[in-house]
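Q: What follows is the file work.tsv, containing TSV, C-alpha atoms and all ligand atoms:
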```tsv
chain	number	residue	atom	x	y	z
A	1	MET	CA	94.10	104.27	126.83
A	2	ARG	CA	95.64	101.93	129.34
A	3	PRO	CA	98.77	103.03	131.20
A	4	LEU	CA	101.97	102.01	129.43
A	5	THR	CA	105.34	101.11	130.84
A	6	GLU	CA	108.61	102.56	129.64
A	7	GLN	CA	109.53	99.17	128.21
A	8	GLU	CA	106.29	98.94	126.22
A	9	ILE	CA	106.82	102.45	124.90
A	10	ARG	CA	110.38	101.76	123.78
A	11	GLY	CA	109.27	98.55	122.10
A	12	ALA	CA	106.48	100.22	120.13
A	13	PHE	CA	108.42	102.41	117.67
A	14	VAL	CA	108.00	101.53	114.02
A	15	ASN	CA	110.09	104.22	112.34
A	16	CYS	CA	113.37	104.42	114.19
A	17	SER	CA	116.15	101.96	114.93
A	18	LYS	CA	116.13	99.79	118.04
A	19	GLY	CA	119.13	101.78	119.29
A	20	GLU	CA	117.28	105.07	118.91
A	21	ALA	CA	114.20	103.63	120.61
A	22	LYS	CA	116.39	102.57	123.50
A	23	ARG	CA	118.01	105.99	123.86
A	24	LEU	CA	115.09	108.31	123.30
A	25	THR	CA	113.68	110.25	126.24
A	26	VAL	CA	110.53	108.68	127.68
A	27	PRO	CA	108.47	110.89	130.02
A	28	ARG	CA	109.57	110.39	133.63
A	29	ASP	CA	106.11	110.99	135.00
A	30	LEU	CA	104.37	108.05	133.31
A	31	ALA	CA	102.40	107.30	136.48
A	32	GLN	CA	100.98	110.84	136.43
A	33	GLN	CA	99.84	110.87	132.82
A	34	PRO	CA	96.07	111.34	132.39
A	35	TRP	CA	95.78	107.93	130.71
A	36	GLU	CA	91.99	107.79	130.91
A	37	ASP	CA	91.78	110.93	128.83
A	38	LEU	CA	94.41	109.97	126.26
A	39	ASP	CA	93.94	108.48	122.83
A	40	TYR	CA	97.67	108.59	122.37
A	41	LEU	CA	100.62	109.54	124.52
A	42	GLY	CA	102.62	112.31	122.88
A	43	TRP	CA	105.61	114.25	124.13
A	44	HIS	CA	108.52	116.42	123.10
A	45	ASP	CA	112.06	115.44	123.99
A	46	PRO	CA	112.88	118.02	126.68
A	47	LYS	CA	116.52	118.01	125.60
A	48	ALA	CA	115.70	118.39	121.92
A	49	PRO	CA	112.25	120.01	121.63
A	50	GLU	CA	112.16	119.64	117.85
A	51	ARG	CA	111.96	115.91	118.45
A	52	ALA	CA	108.61	114.48	119.43
A	53	TYR	CA	107.16	111.04	119.93
A	54	LEU	CA	103.76	109.50	120.12
A	55	VAL	CA	102.53	106.07	121.08
A	56	ALA	CA	99.03	104.69	120.63
A	57	GLU	CA	97.29	101.37	120.71
A	58	LEU	CA	95.93	100.97	117.18
A	59	ASP	CA	94.00	97.85	116.25
A	60	GLY	CA	95.20	96.27	119.46
A	61	LYS	CA	98.83	96.91	118.60
A	62	LEU	CA	101.07	99.43	120.34
A	63	THR	CA	102.56	101.71	117.72
A	64	GLY	CA	105.08	104.45	118.30
A	65	LEU	CA	106.23	107.17	115.93
A	66	ALA	CA	109.35	109.26	116.11
A	67	LEU	CA	108.64	112.73	114.71
A	68	ARG	CA	110.45	115.87	113.80
A	69	ALA	CA	108.29	118.62	115.20
A	70	PRO	CA	109.39	122.18	114.54
A	71	ALA	CA	107.90	124.97	116.62
A	72	PRO	CA	104.26	125.64	115.73
A	73	VAL	CA	103.49	127.96	112.87
A	74	ALA	CA	103.19	131.24	114.69
A	75	ARG	CA	100.77	133.12	112.51
A	76	GLY	CA	97.21	132.57	111.43
A	77	ARG	CA	94.65	129.92	112.16
A	78	SER	CA	95.43	126.33	111.35
A	79	MET	CA	93.93	122.97	112.03
A	80	CYS	CA	95.36	119.75	113.42
A	81	SER	CA	94.82	116.96	110.91
A	82	ILE	CA	94.55	114.34	113.63
A	83	CYS	CA	91.97	115.81	116.01
A	84	VAL	CA	90.58	118.58	113.74
A	85	THR	CA	91.04	121.26	116.41
A	86	THR	CA	91.56	124.79	115.11
A	87	HIS	CA	94.31	126.80	116.75
A	88	SER	CA	95.70	130.23	116.22
A	89	GLY	CA	99.39	129.54	116.10
A	90	GLY	CA	99.43	126.17	117.88
A	91	VAL	CA	99.79	123.65	115.07
A	92	SER	CA	103.07	122.08	113.91
A	93	LEU	CA	103.79	120.46	110.60
A	94	VAL	CA	105.38	117.29	111.95
A	95	VAL	CA	107.37	114.91	109.81
A	96	ALA	CA	107.82	111.19	110.39
A	97	PRO	CA	110.61	109.29	108.66
A	98	LYS	CA	109.09	106.33	106.88
A	99	ALA	CA	109.59	102.89	108.38
A	100	GLY	CA	112.31	100.57	107.10
A	101	LYS	CA	114.47	101.08	104.05
A	102	ALA	CA	112.49	104.04	102.68
A	103	GLY	CA	113.11	105.98	105.90
A	104	LYS	CA	116.82	105.24	105.80
A	105	GLN	CA	116.87	106.68	102.29
A	106	GLY	CA	115.28	109.87	103.64
A	107	ASP	CA	111.62	109.34	102.77
A	108	SER	CA	109.20	110.89	105.19
A	109	VAL	CA	105.55	111.82	105.52
A	110	GLY	CA	104.05	114.84	107.23
A	111	THR	CA	100.89	115.90	108.96
A	112	TYR	CA	99.58	118.89	110.85
A	113	LEU	CA	99.46	118.14	114.55
A	114	CYS	CA	98.60	120.03	117.71
A	115	GLY	CA	101.98	121.51	118.66
A	116	ASP	CA	101.73	120.23	122.23
A	117	LEU	CA	100.60	116.76	121.09
A	118	ALA	CA	97.56	117.09	123.32
A	119	CYS	CA	94.83	116.24	120.76
A	120	SER	CA	93.09	114.02	123.31
A	121	LEU	CA	92.74	116.88	125.79
A	122	TYR	CA	91.37	119.32	123.21
A	123	VAL	CA	88.61	116.97	122.08
A	124	ARG	CA	87.64	116.40	125.74
A	125	GLY	CA	87.53	120.12	126.48
A	126	LYS	CA	90.39	119.73	128.99
A	127	ARG	CA	92.61	122.10	127.11
A	128	ASP	CA	91.48	125.17	125.23
A	129	SER	CA	92.90	126.08	121.84
A	130	GLY	CA	91.55	129.62	122.17
A	131	GLU	CA	89.53	129.23	118.98
A	132	PRO	CA	85.78	128.62	118.84
A	133	ASN	CA	84.82	124.97	118.61
A	134	ARG	CA	82.24	124.49	115.87
A	135	GLU	CA	82.20	120.72	116.21
A	136	THR	CA	78.86	118.99	116.26
A	137	LEU	CA	80.36	115.59	117.11
A	138	GLY	CA	80.43	114.36	120.70
A	139	VAL	CA	83.58	113.60	122.63
A	140	GLU	CA	83.41	109.88	121.94
A	141	GLU	CA	83.17	110.37	118.17
A	142	ARG	CA	85.94	112.93	118.22
A	143	SER	CA	88.12	110.59	120.26
A	144	ARG	CA	87.43	107.79	117.79
A	145	ARG	CA	88.28	110.13	114.95
A	146	ILE	CA	91.73	110.74	116.49
A	147	VAL	CA	92.38	107.00	116.41
A	148	VAL	CA	91.12	106.71	112.81
A	149	ASN	CA	93.23	109.66	111.62
A	150	LEU	CA	96.26	108.46	113.51
A	151	SER	CA	95.89	104.96	112.04
A	152	ALA	CA	95.77	106.48	108.57
A	153	PHE	CA	98.94	108.46	109.29
A	154	VAL	CA	100.70	105.38	110.66
A	155	ALA	CA	99.70	103.51	107.49
A	156	ARG	CA	101.47	106.21	105.47
A	157	VAL	CA	104.56	105.86	107.64
A	158	THR	CA	104.69	102.07	107.40
A	159	GLY	CA	103.29	101.75	103.86
B	1	ZN	ZN	95.35	117.68	117.46
```
Take the structure I supplied and represent it as structure tokens, if you would.

A:
Amino acid sequence: MRPLTEQEIRGAFVNCSKGEAKRLTVPRDLAQQPWEDLDYLGWHDPKAPERAYLVAELDGKLTGLALRAPAPVARGRSMCSICVTTHSGGVSLVVAPKAGKAGKQGDSVGTYLCGDLACSLYVRGKRDSGEPNRETLGVEERSRRIVVNLSAFVARVTG
């Protein structure tokens, strides 16, 4: 993905208030992010690690999600629903408040996600989940699949 500015990131959120988007912690090292290898930028709030955020360009539109991301499930093998990487103990069930009125009333949707929000690096072989990779798809297809799965999740958040 192309490098994003802090302002673009703050302006992208679809499921939190403008005030929250203004206050949330954006990574300080934006210039050092491996943008070329990212399908989305994801991070945990260092001050509140159960809060996580991700921003992606989907259908030409920057879209950001605020997530509640508890510590990964410690036991057993599980799979990230976004990048389809299997981990032993490295997947979180993250929850996104729904956009708009539904979210304010407490509605949310969940998905399994790589606990470190590094889907892009797993599919490129730049980070190792420690579990065998039985994928037959190439990197490009797996990268595209992240975008497709993320778009579907965003549609559930905004729908
Ligand atoms: Zn993943």

Q: Taking 2 positions as the minimum chain separation for residues in the same chain, which residues sit within 10 Å of Arg124 (chain A) when counting all atoms listed in the file? Answer as a PyMOL selection string.

A: chain A and resi 37-38+119-122+126-128+138-140+142-143

Q: One number please: CA of Cys83 (chain A) to CA of Ser151 (chain A), in Å, one decimal.

A: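 Between CA of Cys83 (chain A) and CA of Ser151 (chain A) the gap works out to 12.2 Å.
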
Q: Excluding Pro3 (chain A) and any residue of its chain fewer than 6 positions from it, enumerate the residues within 9 Å of it, using all atoms listed in the file, and give them as an mmCIF file with C-alpha atoms, in the frame of the given file.

A:
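Written output follows (part_30.cif):
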```
data_model
loop_
_atom_site.group_PDB
_atom_site.id
_atom_site.type_symbol
_atom_site.label_atom_id
_atom_site.label_comp_id
_atom_site.auth_asym_id
_atom_site.auth_seq_id
_atom_site.Cartn_x
_atom_site.Cartn_y
_atom_site.Cartn_z
ATOM 1 C CA LEU A 30 104.370 108.050 133.310
ATOM 2 C CA ALA A 31 102.400 107.300 136.480
ATOM 3 C CA GLN A 33 99.840 110.870 132.820
ATOM 4 C CA PRO A 34 96.070 111.340 132.390
ATOM 5 C CA TRP A 35 95.780 107.930 130.710
ATOM 6 C CA GLU A 36 91.990 107.790 130.910
#
```

Q: Of the candidates A:Lys22, A:Lys98, A:Arg2, A:Arg77, which shows the shortest atom-to-atom distance to Asp39 (chain A), using all atoms listed in the file?

A: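 Ranked by minimum distance to Asp39 (chain A), first place goes to A:Arg2.
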
Q: Can you pull out every residue with an atom within 8 Å of ligand ZN 1 (chain B)? Use only C-alpha atoms and all ligand atoms and format it as number ranges by chain.

A: A: 79-85, 91, 112-115, 117-120, 122, 146

Q: Let's have the selection written as an mmCIF file, in the frame of the given file, with C-alpha atoms.

A:
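selection_8.cif, freshly written:
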```cif
data_model
loop_
_atom_site.group_PDB
_atom_site.id
_atom_site.type_symbol
_atom_site.label_atom_id
_atom_site.label_comp_id
_atom_site.auth_asym_id
_atom_site.auth_seq_id
_atom_site.Cartn_x
_atom_site.Cartn_y
_atom_site.Cartn_z
ATOM 1 C CA MET A 79 93.930 122.970 112.030
ATOM 2 C CA CYS A 80 95.360 119.750 113.420
ATOM 3 C CA SER A 81 94.820 116.960 110.910
ATOM 4 C CA ILE A 82 94.550 114.340 113.630
ATOM 5 C CA CYS A 83 91.970 115.810 116.010
ATOM 6 C CA VAL A 84 90.580 118.580 113.740
ATOM 7 C CA THR A 85 91.040 121.260 116.410
ATOM 8 C CA VAL A 91 99.790 123.650 115.070
ATOM 9 C CA TYR A 112 99.580 118.890 110.850
ATOM 10 C CA LEU A 113 99.460 118.140 114.550
ATOM 11 C CA CYS A 114 98.600 120.030 117.710
ATOM 12 C CA GLY A 115 101.980 121.510 118.660
ATOM 13 C CA LEU A 117 100.600 116.760 121.090
ATOM 14 C CA ALA A 118 97.560 117.090 123.320
ATOM 15 C CA CYS A 119 94.830 116.240 120.760
ATOM 16 C CA SER A 120 93.090 114.020 123.310
ATOM 17 C CA TYR A 122 91.370 119.320 123.210
ATOM 18 C CA ILE A 146 91.730 110.740 116.490
#
```

Q: Excluding Ile9 (chain A) and its own-chain neighbours fewer than 4 positions away, which residues fall within 7 Å of it when counting all atoms listed in the file? Please give them as a ChimeraX atom specification.

A: /A:4-5,55

Q: Which residue is closest to Leu93 (chain A)? Choose from A:Ala155, A:Val109, A:Ala69, A:Val123 and count only C-alpha atoms.

A: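 Of A:Ala155, A:Val109, A:Ala69, A:Val123, the one nearest Leu93 (chain A) is A:Ala69, counting only C-alpha atoms.
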
Q: For Thr63 (chain A), which of A:Asn149, A:Ser108, A:Asn15, A:Ser78 is the closest residue, counting only C-alpha atoms?

A: A:Asn15

Q: Kindly indicate which residue among A:Gly103, A:Ser88, A:Asp59, A:Leu67 lies nearest to Ala152 (chain A), using all atoms listed in the file for the distances.

A: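 When distances to Ala152 (chain A) are compared using all atoms listed in the file, the smallest one comes from A:Asp59.
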